[in-house]
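S.K.: So here's start-v8.csv (CSV, C-alpha atoms and all ligand atoms).
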chain,number,residue,atom,x,y,z
A,4,MET,CA,26.7,20.6,-15.2
A,5,ALA,CA,27.0,16.8,-15.8
A,6,SER,CA,27.5,16.1,-12.2
A,7,ASN,CA,23.9,17.0,-11.6
A,8,PHE,CA,22.8,13.8,-13.4
A,9,ILE,CA,25.2,11.6,-11.5
A,10,PRO,CA,23.5,10.2,-8.3
A,11,ASN,CA,25.4,11.1,-5.2
A,12,LEU,CA,26.6,7.8,-3.8
A,13,SER,CA,25.8,8.7,-0.2
A,14,ASP,CA,22.2,9.7,-1.1
A,15,PHE,CA,21.8,6.4,-3.0
A,16,SER,CA,23.0,4.2,-0.2
A,17,PHE,CA,20.9,6.1,2.3
A,18,SER,CA,17.7,5.5,0.3
A,19,LEU,CA,18.6,1.9,-0.3
A,20,LEU,CA,19.0,1.4,3.4
A,21,LEU,CA,15.7,3.1,4.0
A,22,VAL,CA,13.9,0.8,1.5
A,23,LEU,CA,15.5,-2.3,3.1
A,24,ALA,CA,14.6,-1.1,6.6
A,25,MET,CA,11.0,-0.5,5.5
A,26,ALA,CA,10.6,-3.8,3.7
A,27,PRO,CA,9.4,-5.9,6.7
A,28,PHE,CA,6.9,-3.2,7.6
A,29,LEU,CA,5.6,-2.9,4.0
A,30,ALA,CA,5.3,-6.7,3.8
A,31,GLN,CA,3.2,-6.9,7.0
A,32,SER,CA,1.0,-3.9,6.4
A,33,SER,CA,-0.5,-3.3,3.0
A,34,GLU,CA,-3.5,-1.0,2.8
A,35,LEU,CA,-5.4,0.8,5.5
A,36,LYS,CA,-8.7,-1.1,5.9
A,37,GLU,CA,-11.9,0.1,7.6
A,38,THR,CA,-13.9,-2.3,9.7
A,39,GLN,CA,-17.3,-1.7,11.2
A,40,LEU,CA,-18.7,-3.8,14.0
A,41,VAL,CA,-22.0,-3.9,15.9
A,42,LEU,CA,-21.9,-5.7,19.2
A,43,TYR,CA,-24.0,-5.7,22.4
A,44,PHE,CA,-22.9,-5.3,26.0
A,45,GLN,CA,-24.9,-7.4,28.4
A,46,ASP,CA,-24.6,-5.3,31.5
A,47,ASN,CA,-25.8,-6.5,34.9
A,48,VAL,CA,-25.4,-3.8,37.6
A,49,SER,CA,-27.4,-5.7,40.3
A,50,ALA,CA,-25.9,-5.9,43.7
A,51,GLY,CA,-26.1,-9.7,43.5
A,52,PRO,CA,-23.4,-12.3,42.7
A,53,ASN,CA,-23.9,-12.3,39.0
A,54,ALA,CA,-23.3,-8.5,38.6
A,55,THR,CA,-21.0,-7.7,35.6
A,56,SER,CA,-20.4,-4.0,36.6
A,57,LEU,CA,-19.3,-3.3,40.1
A,58,PRO,CA,-18.6,0.0,42.0
A,59,VAL,CA,-15.2,-0.7,43.6
A,60,ALA,CA,-14.1,2.7,45.0
A,61,GLY,CA,-15.6,6.0,46.0
A,62,ILE,CA,-15.2,9.0,48.3
A,63,ALA,CA,-15.8,8.3,52.0
A,64,GLY,CA,-19.2,9.5,53.2
A,65,LYS,CA,-20.6,9.8,49.7
A,66,LEU,CA,-23.0,7.5,48.0
A,67,TRP,CA,-21.5,5.1,45.5
A,68,THR,CA,-23.8,6.0,42.6
A,69,PHE,CA,-23.0,6.7,39.0
A,70,THR,CA,-23.7,10.4,39.4
A,71,GLN,CA,-21.1,10.9,42.2
A,72,ILE,CA,-17.6,12.2,41.2
A,73,GLY,CA,-14.9,9.8,42.2
A,74,ILE,CA,-16.8,6.6,41.9
A,75,VAL,CA,-14.9,3.8,40.1
A,76,TYR,CA,-16.7,1.0,38.3
A,77,VAL,CA,-15.1,-2.2,37.1
A,78,THR,CA,-16.9,-4.0,34.2
A,79,ASP,CA,-16.6,-7.4,32.7
A,80,ASP,CA,-19.6,-7.6,30.4
A,81,PRO,CA,-20.4,-10.4,27.9
A,82,LEU,CA,-20.3,-9.1,24.3
A,83,THR,CA,-22.8,-10.7,22.0
A,84,ALA,CA,-23.6,-10.5,18.3
A,85,GLY,CA,-27.3,-9.7,18.9
A,86,PRO,CA,-29.2,-8.0,21.7
A,87,GLU,CA,-30.5,-11.2,23.3
A,88,PRO,CA,-28.3,-12.4,26.2
A,89,ASN,CA,-28.1,-15.9,24.7
A,90,SER,CA,-27.1,-14.7,21.2
A,91,ALA,CA,-23.6,-15.6,19.8
A,92,SER,CA,-20.7,-14.7,22.1
A,93,ILE,CA,-18.1,-12.3,20.6
A,94,GLY,CA,-16.0,-11.7,23.7
A,95,ARG,CA,-15.9,-9.6,26.8
A,96,GLY,CA,-16.0,-5.9,27.5
A,97,GLN,CA,-13.5,-5.4,30.3
A,98,GLY,CA,-12.4,-2.1,31.9
A,99,ILE,CA,-13.1,0.7,34.2
A,100,ALA,CA,-15.3,3.9,34.3
A,101,VAL,CA,-14.6,6.8,36.7
A,102,VAL,CA,-17.2,9.5,37.2
A,103,ALA,CA,-15.0,12.4,36.4
A,104,ALA,CA,-17.3,15.5,36.4
A,105,LEU,CA,-18.2,17.4,39.6
A,106,ASN,CA,-21.8,17.5,38.4
A,107,GLY,CA,-21.8,13.7,37.9
A,108,ARG,CA,-22.7,13.9,34.2
A,109,ASN,CA,-19.5,12.7,32.6
A,110,ALA,CA,-17.4,9.6,33.1
A,111,LEU,CA,-13.9,8.7,31.9
A,112,VAL,CA,-14.2,5.2,30.2
A,113,LEU,CA,-11.2,2.9,29.7
A,114,LEU,CA,-12.4,-0.3,28.1
A,115,SER,CA,-10.9,-3.2,26.2
A,116,LEU,CA,-13.0,-5.2,23.7
A,117,VAL,CA,-11.5,-8.7,24.2
A,118,PHE,CA,-12.5,-10.8,21.2
A,119,THR,CA,-12.8,-14.6,21.6
A,120,ASN,CA,-15.0,-15.3,18.5
A,121,GLN,CA,-13.6,-17.2,15.5
A,122,GLU,CA,-12.9,-14.1,13.4
A,123,TYR,CA,-11.1,-11.9,15.9
A,124,ASN,CA,-10.0,-14.4,18.5
A,125,GLY,CA,-7.0,-13.0,20.5
A,126,SER,CA,-7.4,-9.4,19.1
A,127,THR,CA,-8.5,-6.5,21.2
A,128,LEU,CA,-9.6,-2.9,20.7
A,129,GLU,CA,-8.9,-0.3,23.3
A,130,LEU,CA,-11.6,2.3,23.9
A,131,GLN,CA,-11.0,5.6,25.8
A,132,GLY,CA,-13.0,8.6,26.2
A,133,ASN,CA,-15.3,11.0,28.0
A,134,SER,CA,-18.8,9.5,28.2
A,135,LYS,CA,-21.7,11.9,28.5
A,136,GLN,CA,-23.8,9.6,30.7
A,137,PHE,CA,-27.1,11.2,30.1
A,138,GLU,CA,-27.0,11.6,26.3
A,139,GLN,CA,-28.9,9.0,24.2
A,140,VAL,CA,-25.8,8.3,22.2
A,141,THR,CA,-22.3,8.5,23.7
A,142,GLU,CA,-19.1,8.4,21.7
A,143,VAL,CA,-15.6,7.5,22.7
A,144,ALA,CA,-12.4,7.1,20.8
A,145,VAL,CA,-10.8,3.8,19.7
A,146,VAL,CA,-7.2,4.5,20.5
A,147,SER,CA,-5.4,1.3,19.7
A,148,GLY,CA,-5.7,-2.5,19.3
A,149,ILE,CA,-3.7,-5.7,19.0
A,150,GLY,CA,-3.8,-8.8,16.8
A,151,ARG,CA,-6.0,-8.1,13.7
A,152,PHE,CA,-6.4,-4.5,15.0
A,153,ARG,CA,-2.8,-3.4,15.3
A,154,PHE,CA,-2.5,0.4,14.9
A,155,ALA,CA,-6.2,0.7,15.0
A,156,ARG,CA,-7.9,4.0,15.5
A,157,GLY,CA,-11.5,5.1,15.2
A,158,TYR,CA,-14.5,5.7,17.3
A,159,ALA,CA,-17.3,3.8,19.0
A,160,THR,CA,-20.9,4.8,19.9
A,161,PHE,CA,-23.0,3.4,22.7
A,162,GLU,CA,-26.7,3.5,22.9
A,163,THR,CA,-29.2,1.7,25.2
A,164,ASN,CA,-31.0,-1.1,23.5
A,165,LEU,CA,-32.8,-2.4,26.6
A,166,LEU,CA,-33.1,-1.1,30.1
A,167,ASP,CA,-34.8,-3.1,32.9
A,168,PRO,CA,-34.4,-1.0,36.1
A,169,ALA,CA,-36.3,-3.7,38.1
A,170,THR,CA,-33.5,-6.2,37.6
A,171,SER,CA,-30.7,-3.6,37.1
A,172,TYR,CA,-30.0,-5.1,33.7
A,173,SER,CA,-29.2,-3.2,30.5
A,174,VAL,CA,-28.2,-4.1,26.9
A,175,GLU,CA,-26.0,-1.5,25.2
A,176,ARG,CA,-25.5,-1.4,21.5
A,177,CYS,CA,-21.9,-0.5,20.6
A,178,ASN,CA,-21.0,0.4,17.0
A,179,VAL,CA,-17.3,0.5,16.2
A,180,THR,CA,-15.6,2.0,13.2
A,181,VAL,CA,-11.9,1.5,13.0
A,182,GLN,CA,-9.2,1.9,10.5
A,183,HIS,CA,-6.3,-0.6,10.7
A,184,TYR,CA,-3.8,-2.5,8.6
A,201,LIG,C1,-28.3,-10.1,37.1
A,201,LIG,O1,-27.6,-10.6,38.3
A,201,LIG,C2,-28.5,-11.0,39.3
A,201,LIG,C3,-27.7,-11.4,40.5
A,201,LIG,O2,-26.5,-10.7,40.6
A,201,LIG,C4,-29.4,-12.0,38.8
A,201,LIG,O3,-30.4,-12.3,39.9
A,201,LIG,C5,-30.2,-11.6,37.6
A,201,LIG,O4,-30.9,-12.7,37.1
A,201,LIG,C6,-29.2,-11.2,36.5
A,201,LIG,N1,-29.9,-10.7,35.4
A,201,LIG,C7,-29.8,-11.3,34.2
A,201,LIG,C8,-30.7,-10.8,33.1
A,201,LIG,O5,-29.0,-12.2,34.0
A,202,LIG,C1,-25.8,-16.7,38.8
A,202,LIG,O1,-25.4,-17.4,37.6
A,202,LIG,C2,-25.3,-18.8,37.8
A,202,LIG,C3,-24.8,-19.4,36.5
A,202,LIG,O2,-25.5,-19.0,35.4
A,202,LIG,C4,-26.7,-19.4,38.2
A,202,LIG,O3,-26.6,-20.8,38.4
A,202,LIG,C5,-27.1,-18.7,39.5
A,202,LIG,O4,-28.4,-19.1,39.8
A,202,LIG,C6,-27.1,-17.2,39.3
A,202,LIG,N1,-27.4,-16.5,40.6
A,202,LIG,C7,-28.3,-15.6,40.7
A,202,LIG,C8,-28.5,-15.0,42.1
A,202,LIG,O5,-29.0,-15.2,39.8
A,203,LIG,C1,-9.3,-18.8,20.6
A,203,LIG,O1,-8.0,-18.9,21.0
A,203,LIG,C2,-7.8,-19.7,22.2
A,203,LIG,C3,-6.3,-19.7,22.5
A,203,LIG,O2,-5.5,-19.8,21.4
A,203,LIG,C4,-8.3,-21.1,21.9
A,203,LIG,O3,-8.2,-22.0,23.0
A,203,LIG,C5,-9.8,-21.1,21.5
A,203,LIG,O4,-10.3,-22.3,21.1
A,203,LIG,C6,-10.0,-20.1,20.3
A,203,LIG,N1,-11.4,-19.9,20.1
A,203,LIG,C7,-11.9,-19.9,18.8
A,203,LIG,C8,-13.4,-19.6,18.8
A,203,LIG,O5,-11.3,-20.1,17.8
A,204,LIG,C1,-25.5,1.5,15.1
A,204,LIG,O1,-25.7,0.5,14.1
A,204,LIG,C2,-27.1,0.1,13.9
A,204,LIG,C3,-27.1,-1.0,12.9
A,204,LIG,O2,-26.3,-0.7,11.8
A,204,LIG,C4,-27.8,1.4,13.4
A,204,LIG,O3,-29.2,1.0,13.3
A,204,LIG,C5,-27.7,2.5,14.5
A,204,LIG,O4,-28.4,3.6,14.1
A,204,LIG,C6,-26.3,2.8,14.8
A,204,LIG,N1,-26.2,3.7,15.9
A,204,LIG,C7,-25.5,4.8,15.8
A,204,LIG,C8,-25.4,5.7,17.1
A,204,LIG,O5,-24.8,5.2,14.8
Kindly transcribe the structure held in the file into structure tokens.

M.R.:
Amino acid sequence: MASNFIPNLSDFSFSLLLVLAMAPFLAQSSELKETQLVLYFQDNVSAGPNATSLPVAGIAGKLWTFTQIGIVYVTDDPLTAGPEPNSASIGRGQGIAVVAALNGRNALVLLSLVFTNQEYNGSTLELQGNSKQFEQVTEVAVVSGIGRFRFARGYATFETNLLDPATSYSVERCNVTVQHY
């Protein structure tokens, strides 16, 4: 009976090792935090030299439009704190989008939010998801991050804030909600 109250030595050393091994992780990561961001993509899809989203590949003999399956766009959009193009810079939105639906309605989006502002300089968030191009609000997953956003996960919505077809310019509002340590 009494032996039930005596800790087994091998159990004890095992749990001690576990605690020691965990210690560095516990020290670096305390509580799960939630961060919400609102930022704006300044997106210039003109055919000119200052375009920030460019079609780079497609199917031979098909038009390179955003409703044609197989079209690949590369994007390097300025990210700003407000909707105006000259409002405070937050970083860049860099990535690719592939029209991935036969009917042209959905695109696979792989996008890094590359922060260069004071608060998040050097950190990134990685967005991935299926964007329903013709919905007013599209939502993709935030699958990871680095720097301040290590182990991040969450979601991001996109909605058009300004669209000027005449100059092929649009401003997209992006709301991000992430949990991270
Ligand atoms: C978009 O880029 C074109 C040239 O590529 C330029 O003429 C136009 O001014 C740009 N639009 C804005 C709002 O910067
Ligand atoms: C492209 O941007 C540069 C730098 O802002 C500007 O000097 C140039 O006029 C722009 N080109 C066009 C075609 O808008
Ligand atoms: C961000 O980091 C880079 C590289 O460390 C540095 O050159 C730059 O000045 C920093 N920017 C801000 C806004 O702190
Ligand atoms: C994004 O955030 C803004 C400002 O908080 C809010 O007005 C807007 O409704 C949000 N959009 C979505 C799709 O949640």

S.K.: Between A:Gly73, A:Gly96, A:Pro86, A:Gly132, which one has atoms that come closest to ligand LIG 204 (chain A), using all atoms listed in the file?

M.R.: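 That would be A:Pro86, the residue with the smallest distance to ligand LIG 204 (chain A).
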
S.K.: Which residues are near ligand LIG 204 (chain A) in this structure, taking near to mean any atom at most 6 Å from a ligand atom and counting only C-alpha atoms and all ligand atoms? Format them as a list of chain:residue names.

M.R.: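 Residues lying within 6 Å of ligand LIG 204 (chain A): A:Val140, A:Thr160, A:Asn178.
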
S.K.: Check which residues of chain A sit at most 10 Å from ligand LIG 202 (chain A) using all atoms listed in the file, and return one row each with the closest pair of atoms and their distance in Å to one decimal, ordered by chain and rising number, as JSON lines.

M.R.:
{"residue": "A:Ser49", "atom": "CA", "partner": "A:LIG202", "partner_atom": "C8", "distance": 9.5}
{"residue": "A:Ala50", "atom": "CA", "partner": "A:LIG202", "partner_atom": "C8", "distance": 9.6}
{"residue": "A:Gly51", "atom": "CA", "partner": "A:LIG202", "partner_atom": "C8", "distance": 6.0}
{"residue": "A:Pro52", "atom": "CA", "partner": "A:LIG202", "partner_atom": "C8", "distance": 5.8}
{"residue": "A:Asn53", "atom": "CA", "partner": "A:LIG202", "partner_atom": "C1", "distance": 4.8}
{"residue": "A:Ala54", "atom": "CA", "partner": "A:LIG202", "partner_atom": "C1", "distance": 8.6}

S.K.: Have a look at A:Thr68, A:Asn109, A:Ser126, A:Ser90 and name the one nearest to ligand LIG 203 (chain A); count only C-alpha atoms and all ligand atoms.

M.R.: A:Ser126

S.K.: Figure out the distance between CA of Phe152 (chain A) and CA of Gln139 (chain A), please, to one decimal in Å.

M.R.: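 For CA of Gln139 (chain A) relative to CA of Phe152 (chain A), the distance reads 27.8 Å.
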